[in-house]
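**Q** Got a structure for you, run_7.txt, holding compact mmCIF, C-alpha atoms.
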# COMPACT_ATOMS: atom_id res chain seq x y z
CA MET E 1 82.78 84.05 30.10
CA VAL E 2 81.62 80.42 30.39
CA LYS E 3 84.41 78.06 31.37
CA PRO E 4 85.02 75.22 28.85
CA SER E 5 84.62 72.69 31.67
CA ALA E 6 81.18 74.11 32.49
CA LEU E 7 80.08 73.96 28.87
CA ALA E 8 81.21 70.35 28.58
CA ALA E 9 79.36 69.49 31.79
CA PHE E 10 76.20 71.25 30.60
CA ILE E 11 75.70 69.08 27.49
CA PRO E 12 74.84 65.78 29.28
CA THR E 13 72.14 67.54 31.32
CA ARG E 14 70.25 68.20 28.08
CA LEU E 15 70.67 64.74 26.53
CA PRO E 16 68.06 61.96 26.91
CA ALA E 17 68.60 59.65 29.87
CA PRO E 18 69.46 56.54 27.75
CA ILE E 19 72.25 58.44 26.01
CA VAL E 20 73.62 59.76 29.30
CA ARG E 21 73.50 56.23 30.69
CA CYS E 22 75.71 55.13 27.79
CA LEU E 23 78.07 58.08 28.29
CA TYR E 24 78.58 57.12 31.91
CA ALA E 25 78.83 53.36 31.31
CA GLY E 26 81.45 52.05 33.71
CA ARG E 27 81.73 55.49 35.35
CA ARG E 28 78.56 55.62 37.45
CA GLU E 29 79.12 56.85 40.98
CA ARG E 30 78.41 54.29 43.70
CA LEU E 31 77.91 54.19 47.44
CA ALA E 32 77.41 50.76 49.03
CA HIS E 33 74.46 49.22 47.12
CA ARG E 34 73.45 52.55 45.59
CA VAL E 35 74.21 53.60 42.01
CA MET E 36 73.70 57.24 41.10
CA ASP E 37 71.11 58.07 38.47
CA PRO E 38 73.05 59.11 35.34
CA LYS E 39 71.09 62.33 34.90
CA ALA E 40 71.62 63.22 38.57
CA GLN E 41 75.33 62.56 38.10
CA ALA E 42 75.40 64.82 35.04
CA PHE E 43 73.64 67.60 36.93
CA GLY E 44 75.90 67.16 39.95
CA ARG E 45 79.01 67.47 37.81
CA LEU E 46 77.63 70.62 36.22
CA SER E 47 76.94 72.12 39.65
CA ARG E 48 80.62 71.72 40.48
CA ALA E 49 81.86 72.94 37.11
CA VAL E 50 80.04 76.26 37.39
CA GLN E 51 81.40 77.12 40.81
CA SER E 52 83.15 80.46 40.89
CA ASP E 53 86.89 80.76 41.44
CA ARG E 54 86.16 83.27 44.20
CA PRO E 55 83.64 83.06 47.05
CA PRO E 56 80.38 84.58 45.77
CA THR E 57 78.32 87.04 47.76
CA ILE E 58 74.95 86.10 49.22
CA ALA E 59 73.24 88.19 46.53
CA GLU E 60 75.19 86.37 43.81
CA ILE E 61 74.30 82.94 45.25
CA ARG E 62 70.61 83.86 45.34
CA LYS E 63 70.69 85.11 41.77
CA GLN E 64 72.52 82.01 40.54
CA ALA E 65 70.10 79.69 42.36
CA GLN E 66 67.15 81.26 40.56
CA LYS E 67 68.95 80.98 37.22
CA ILE E 68 69.53 77.27 37.84
CA VAL E 69 65.84 76.73 38.56
CA ASP E 70 64.87 78.69 35.44
CA LEU E 71 67.18 76.49 33.34
CA PHE E 72 66.58 73.11 34.91
CA ASP E 73 63.03 72.98 36.27
CA GLU E 74 59.95 72.60 34.10
CA PRO E 75 57.79 75.74 34.17
CA ALA E 76 54.52 75.80 36.06
CA PRO E 77 51.58 74.25 34.21
CA PRO E 78 48.47 76.38 33.57
CA LEU E 79 46.13 76.55 36.55
CA LEU E 80 42.70 78.04 37.15
CA ARG E 81 44.11 80.04 40.05
CA ARG E 82 47.64 81.32 40.61
CA GLU E 83 47.45 84.35 42.87
CA ASP E 84 50.09 86.40 44.66
CA MET E 85 48.91 87.40 48.11
CA ALA E 86 50.07 88.18 51.63
CA VAL E 87 49.75 86.09 54.77
CA ALA E 88 50.58 86.80 58.38
CA GLY E 89 54.21 86.59 59.45
CA ALA E 90 55.55 86.71 62.96
CA GLU E 91 56.31 90.46 62.73
CA TRP E 92 54.51 91.71 59.60
CA PRO E 93 52.65 90.35 56.56
CA ILE E 94 54.83 88.29 54.21
CA PRO E 95 54.40 87.40 50.52
CA ALA E 96 52.79 84.12 49.49
CA ARG E 97 51.38 82.53 46.35
CA LEU E 98 48.23 80.44 46.02
CA TYR E 99 47.89 77.62 43.49
CA SER E 100 44.72 75.73 42.65
CA ASP E 101 43.26 74.00 39.62
CA ARG E 102 39.77 73.84 41.08
CA PRO E 103 37.25 76.72 40.95
CA LYS E 104 36.01 77.91 44.33
CA GLU E 105 32.45 76.95 43.39
CA ALA E 106 33.55 73.29 43.09
CA GLY E 107 33.68 73.13 46.86
CA PRO E 108 36.48 73.32 49.43
CA SER E 109 39.76 71.56 48.74
CA PRO E 110 42.46 70.38 51.15
CA VAL E 111 45.20 72.98 51.68
CA LEU E 112 48.97 72.44 51.74
CA VAL E 113 51.05 75.24 53.26
CA PHE E 114 54.42 74.92 51.52
CA TYR E 115 57.80 76.21 52.68
CA HIS E 116 60.48 76.44 50.02
CA GLY E 117 64.00 75.12 50.49
CA GLY E 118 67.25 77.00 49.98
CA GLY E 119 69.22 76.67 53.18
CA TRP E 120 67.14 79.29 55.01
CA PHE E 121 68.97 82.05 53.08
CA GLN E 122 67.83 81.70 49.47
CA GLY E 123 64.75 80.75 47.50
CA ASN E 124 61.29 82.29 47.28
CA CYS E 125 57.92 81.62 45.68
CA ASP E 126 59.48 81.89 42.21
CA SER E 127 62.16 79.28 42.88
CA HIS E 128 59.50 76.67 43.70
CA ASP E 129 56.80 77.87 41.31
CA GLY E 130 56.83 74.78 39.07
CA LEU E 131 56.88 72.31 41.95
CA CYS E 132 54.03 73.99 43.84
CA ALA E 133 51.91 74.34 40.70
CA ARG E 134 52.30 70.66 39.82
CA LEU E 135 51.51 69.55 43.36
CA ALA E 136 48.31 71.63 43.22
CA LYS E 137 47.33 70.40 39.75
CA TRP E 138 48.06 66.72 40.32
CA SER E 139 46.83 66.40 43.91
CA GLY E 140 43.72 68.57 43.65
CA CYS E 141 44.61 70.57 46.73
CA VAL E 142 45.18 74.27 47.24
CA VAL E 143 48.87 75.03 47.73
CA VAL E 144 49.94 78.19 49.54
CA SER E 145 53.67 78.84 49.09
CA VAL E 146 55.12 81.03 51.84
CA ASP E 147 57.96 83.53 51.30
CA TYR E 148 59.32 83.69 54.85
CA ARG E 149 62.15 85.96 56.03
CA LEU E 150 65.64 84.80 55.10
CA ALA E 151 68.99 84.68 56.86
CA PRO E 152 71.44 86.28 57.31
CA GLU E 153 69.35 89.46 57.31
CA HIS E 154 66.88 87.68 59.60
CA LYS E 155 68.56 85.03 61.72
CA PHE E 156 66.88 82.09 63.50
CA PRO E 157 64.16 81.99 64.66
CA ALA E 158 62.68 84.67 62.37
CA GLY E 159 61.99 82.38 59.41
CA VAL E 160 60.51 79.54 61.41
CA GLU E 161 58.32 81.90 63.42
CA ASP E 162 57.05 83.27 60.09
CA ALA E 163 56.31 79.68 59.04
CA ILE E 164 54.26 79.08 62.17
CA ALA E 165 52.37 82.36 61.84
CA ALA E 166 51.64 81.72 58.16
CA TYR E 167 50.28 78.24 58.88
CA ARG E 168 47.97 79.59 61.57
CA TRP E 169 46.76 82.38 59.26
CA VAL E 170 46.05 79.96 56.41
CA ARG E 171 44.24 77.64 58.79
CA HIS E 172 42.05 80.50 60.01
CA ASN E 173 41.37 81.77 56.48
CA ALA E 174 41.18 78.43 54.65
CA GLU E 175 37.53 78.77 53.69
CA ALA E 176 38.07 82.19 52.11
CA LEU E 177 40.91 80.68 50.06
CA GLY E 178 38.67 77.95 48.70
CA GLY E 179 40.09 75.44 51.15
CA ASP E 180 38.72 73.06 53.73
CA PRO E 181 39.62 74.32 57.22
CA ALA E 182 39.48 70.73 58.49
CA LYS E 183 42.12 69.57 56.00
CA VAL E 184 45.23 71.73 56.23
CA GLY E 185 48.71 70.23 55.96
CA VAL E 186 52.28 71.48 55.76
CA GLY E 187 55.13 70.60 53.44
CA GLY E 188 58.52 71.71 52.24
CA ASP E 189 61.87 70.67 50.87
CA SER E 190 65.22 70.74 52.68
CA ALA E 191 65.11 73.85 54.91
CA GLY E 192 61.40 74.06 54.14
CA GLY E 193 61.02 70.45 55.27
CA ASN E 194 62.61 71.53 58.52
CA PHE E 195 59.93 74.22 58.89
CA ALA E 196 57.11 71.77 58.11
CA ALA E 197 58.37 69.37 60.78
CA VAL E 198 58.77 72.20 63.28
CA VAL E 199 55.27 73.57 62.66
CA SER E 200 53.86 70.08 63.29
CA GLN E 201 55.74 69.85 66.58
CA GLN E 202 55.09 73.39 67.75
CA ALA E 203 51.36 72.94 67.23
CA LEU E 204 51.43 70.40 70.06
CA ASP E 205 53.71 72.48 72.26
CA ARG E 206 51.82 75.77 71.78
CA ASN E 207 48.37 74.25 71.70
CA PHE E 208 47.19 75.41 68.28
CA GLN E 209 45.41 73.13 65.82
CA PRO E 210 47.99 70.78 64.29
CA PRO E 211 48.24 70.03 60.58
CA GLU E 212 46.54 66.90 59.27
CA LEU E 213 49.68 65.82 57.40
CA GLN E 214 53.29 66.75 56.73
CA LEU E 215 55.18 66.38 53.45
CA LEU E 216 58.92 66.38 54.19
CA ILE E 217 61.12 66.40 51.07
CA TYR E 218 64.73 65.52 52.00
CA PRO E 219 64.27 67.54 55.20
CA SER E 220 67.04 69.09 57.26
CA LEU E 221 66.20 67.92 60.76
CA ASP E 222 69.47 67.95 62.74
CA SER E 223 71.57 71.12 62.56
CA SER E 224 74.60 69.36 64.05
CA MET E 225 75.04 67.47 60.75
CA SER E 226 76.53 64.50 62.58
CA THR E 227 74.80 61.56 60.86
CA GLN E 228 76.54 58.68 59.11
CA SER E 229 75.30 59.83 55.68
CA MET E 230 76.80 63.26 56.35
CA GLU E 231 80.14 61.57 57.02
CA GLU E 232 79.86 59.24 53.99
CA LEU E 233 78.87 62.09 51.68
CA GLU E 234 81.21 64.75 53.00
CA HIS E 235 82.02 65.80 49.43
CA ALA E 236 78.52 65.34 48.00
CA TYR E 237 77.05 67.33 45.16
CA ILE E 238 74.92 70.38 46.04
CA ILE E 239 75.60 70.41 49.82
CA PRO E 240 79.03 69.03 50.76
CA ARG E 241 79.54 69.08 54.49
CA ASP E 242 81.61 72.27 54.62
CA ARG E 243 78.90 74.13 52.71
CA GLY E 244 76.26 72.61 54.96
CA MET E 245 77.99 73.90 58.08
CA TRP E 246 78.45 77.32 56.46
CA ILE E 247 74.70 77.40 55.80
CA VAL E 248 73.88 76.45 59.39
CA ASP E 249 76.18 79.17 60.71
CA LEU E 250 74.55 81.66 58.36
CA TYR E 251 71.11 80.72 59.69
CA LEU E 252 71.68 80.38 63.43
CA GLU E 253 72.71 83.13 65.82
CA ASN E 254 75.18 80.68 67.37
CA ARG E 255 75.78 76.94 67.46
CA GLY E 256 74.03 76.69 70.79
CA ASP E 257 70.79 77.14 68.80
CA MET E 258 71.38 73.65 67.37
CA GLN E 259 69.83 72.33 70.60
CA ASP E 260 66.60 74.25 70.04
CA PRO E 261 63.94 71.91 68.58
CA ARG E 262 62.80 74.76 66.32
CA ALA E 263 66.19 74.46 64.62
CA SER E 264 66.71 70.70 65.03
CA PRO E 265 63.31 68.98 65.25
CA ALA E 266 65.05 65.59 65.29
CA ILE E 267 66.12 66.17 68.90
CA ARG E 268 62.51 65.93 70.10
CA THR E 269 62.29 62.67 72.06
CA ASP E 270 58.53 62.05 71.90
CA LEU E 271 56.89 62.12 68.46
CA THR E 272 53.50 60.78 69.49
CA GLY E 273 50.55 62.84 68.31
CA LEU E 274 52.27 64.28 65.25
CA ALA E 275 50.64 64.32 61.84
CA LYS E 276 50.93 61.49 59.34
CA ALA E 277 53.90 62.02 57.07
CA CYS E 278 55.27 61.49 53.60
CA ILE E 279 59.07 61.67 53.74
CA VAL E 280 61.28 61.75 50.64
CA THR E 281 64.94 60.75 50.88
CA ALA E 282 67.70 60.54 48.27
CA GLY E 283 70.51 57.98 48.45
CA PHE E 284 73.32 60.39 47.57
CA ASP E 285 72.05 63.18 49.82
CA PRO E 286 73.98 63.94 53.03
CA LEU E 287 70.58 64.56 54.69
CA ARG E 288 69.43 61.00 53.85
CA ASP E 289 69.83 59.57 57.35
CA GLU E 290 68.01 62.48 58.97
CA GLY E 291 64.89 61.74 56.94
CA THR E 292 65.17 57.97 57.28
CA THR E 293 65.71 58.06 61.04
CA TYR E 294 62.81 60.46 61.51
CA ALA E 295 60.53 58.22 59.43
CA ASN E 296 61.47 55.22 61.56
CA ARG E 297 60.97 57.12 64.82
CA LEU E 298 57.56 58.41 63.71
CA ARG E 299 56.49 54.84 62.90
CA ALA E 300 57.77 53.63 66.26
CA ASP E 301 55.60 56.26 67.96
CA GLY E 302 52.51 55.14 66.06
CA ILE E 303 52.47 57.69 63.25
CA ASP E 304 51.51 56.63 59.72
CA VAL E 305 54.52 57.23 57.42
CA HIS E 306 54.87 56.89 53.66
CA HIS E 307 58.61 56.84 52.91
CA LEU E 308 59.59 57.53 49.29
CA VAL E 309 63.18 56.36 48.76
CA TYR E 310 65.17 57.44 45.68
CA ASP E 311 68.47 55.65 46.11
CA GLY E 312 70.04 57.02 42.92
CA GLN E 313 69.24 60.68 43.52
CA ILE E 314 71.03 63.73 44.94
CA HIS E 315 69.89 66.51 47.23
CA GLY E 316 67.54 68.95 45.53
CA PHE E 317 66.65 66.66 42.63
CA VAL E 318 62.91 67.37 42.86
CA SER E 319 63.56 70.96 41.71
CA PHE E 320 65.54 70.00 38.59
CA SER E 321 62.90 68.25 36.55
CA ARG E 322 64.24 69.28 33.14
CA ALA E 323 67.63 67.75 33.92
CA ILE E 324 66.51 64.80 36.10
CA PRO E 325 63.37 62.98 34.89
CA GLY E 326 63.09 61.22 38.26
CA ALA E 327 61.97 64.55 39.70
CA ILE E 328 58.64 64.30 37.88
CA ASP E 329 58.19 60.70 39.06
CA CYS E 330 58.69 61.90 42.63
CA GLN E 331 56.29 64.82 42.22
CA ARG E 332 53.65 62.42 40.88
CA ALA E 333 54.21 60.08 43.84
CA MET E 334 53.89 62.92 46.35
CA SER E 335 50.74 64.17 44.64
CA ASN E 336 49.22 60.68 44.71
CA TRP E 337 49.89 60.48 48.43
CA LEU E 338 48.32 63.89 48.99
CA GLN E 339 45.19 62.78 47.12
CA THR E 340 44.57 59.96 49.59
CA ALA E 341 46.20 61.07 52.86
CA TRP E 342 43.68 63.73 53.94
For this file, write the structure as structure tokens.
**A**
Amino acid sequence: MVKPSALAAFIPTRLPAPIVRCLYAGRRERLAHRVMDPKAQAFGRLSRAVQSDRPPTIAEIRKQAQKIVDLFDEPAPPLLRREDMAVAGAEWPIPARLYSDRPKEAGPSPVLVFYHGGGWFQGNCDSHDGLCARLAKWSGCVVVSVDYRLAPEHKFPAGVEDAIAAYRWVRHNAEALGGDPAKVGVGGDSAGGNFAAVVSQQALDRNFQPPELQLLIYPSLDSSMSTQSMEELEHAYIIPRDRGMWIVDLYLENRGDMQDPRASPAIRTDLTGLAKACIVTAGFDPLRDEGTTYANRLRADGIDVHHLVYDGQIHGFVSFSRAIPGAIDCQRAMSNWLQTAW
């Protein structure tokens, strides 16, 4: 049975942004100079209203997360190619999905290997289907979405080692996929942004060909969760701090793994030689400072960085495009960067 509070919270997520702005007049959430986008605020309030009165199981969380995407993200647009496939994982082949709106005979396209978010324990190719399809359609590149192993069934470093193996496989097979083997990048959101950053770093450490670019969408880069934004937004929508620490503990074998750069790429001291980056941050996201600090450090070490700042948004907003129109604006901006960054 749907709780009355959840039903009341659902209605503003479906109303046009100008009406929601009027509904929240004088009640917009603020943090320093930041004012929360009214549609993000409506979605955030809904996310709290639908929380269960009892702790859900991992299976229930995964099922609910997919339902939320189905309700609140725009479906994938039609593409010339949308193909389920398998790529190499660290232990065995893992599922993946290819997106492209260019026929193979049109010539090779740049390739983006994409790692979905979901706290390392939820999400899959379906949860990010709309996002990956739009990035492929609007940027002109081939997107390969990777369905890596999830915690807690497969603890760190299983997922990240899958991410590395998948990138290397796509790089080796880019031409057969209709891609340009000289133009292969990595990207991801949240936990997937962590993987994209780690793959870029590990390419230097393990001496395999590094990606040409990295797209980091509100990335999780420091597993200790000790930044100022994490303190300021302790009770944030989507990932309040207690949930964030629960997720980290679910992913890592133990907290000592926080000091492994494959878990916390922000601890790497030297960022020279890494790929150019587009980094997305949201003002009401506890992970905001991780992305901002990493962008500044990359620039200081001579790396070209395009930082897309959405001060009024919450964590995960890019995946809720039906509820938060700013998600589409961000996807367009990322696609525009991909068009020119190769």
**Q** Select, from E:Pro77, E:Pro38, E:Gly119, E:Gly185, the residue with the minimum atom-to-atom distance to Ser100 (chain E), counting only C-alpha atoms.
**A**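 Answer, going by the shortest atom-to-atom distance: E:Pro77.
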**Q** One number please: CA of Arg97 (chain E) to CA of Asp84 (chain E), in Å, one decimal.
**A**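 Computing the Euclidean distance for CA of Arg97 (chain E) and CA of Asp84 (chain E) yields 4.4 Å.
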**Q** If I take CA of Pro286 (chain E) and CA of Lys39 (chain E), how far is one from the other in Å, to one decimal?
**A**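 Distance between the two atoms: 18.4 Å.
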**Q** Please identify all polymer residues within 7 Å of Asp73 (chain E), counting only C-alpha atoms, omitting same-chain residues fewer than 3 positions from it, and present them as a PyMOL selection string.
**A** chain E and resi 69-70+319-322
**Q** Mind listing as a list in words all residues within 8 Å of (54.9, 60.4, 60.6), counting all atoms listed in the file?
**A**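 Answer for this query, in the requested form: Gln214, Leu274, Ala275, Lys276, Ala277, Cys278, Tyr294, Ala295, Leu298, Arg299, Gly302, Ile303, Asp304, Val305 and His306 of chain E.
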**Q** Have a look at E:Tyr251, E:Leu15, E:Gly178, E:Lys63 and name the one nearest to Glu153 (chain E); count all atoms listed in the file.
**A**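 Of E:Tyr251, E:Leu15, E:Gly178, E:Lys63, the one nearest Glu153 (chain E) is E:Tyr251, counting all atoms listed in the file.
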**Q** From the options E:Ser200, E:Gln339, E:Asn254, E:Ser127, which residue's atoms come nearest to Val113 (chain E), counting all atoms listed in the file?
**A**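 Of E:Ser200, E:Gln339, E:Asn254, E:Ser127, the one nearest Val113 (chain E), counting all atoms listed in the file, is E:Ser200.
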**Q** For Met245 (chain E), work out the shell of residues within 10 Å, counting only C-alpha atoms and skipping chain neighbours fewer than 5 positions away, then give it as a ChimeraX atom specification.
**A** /E:223-225,239-240,250-251
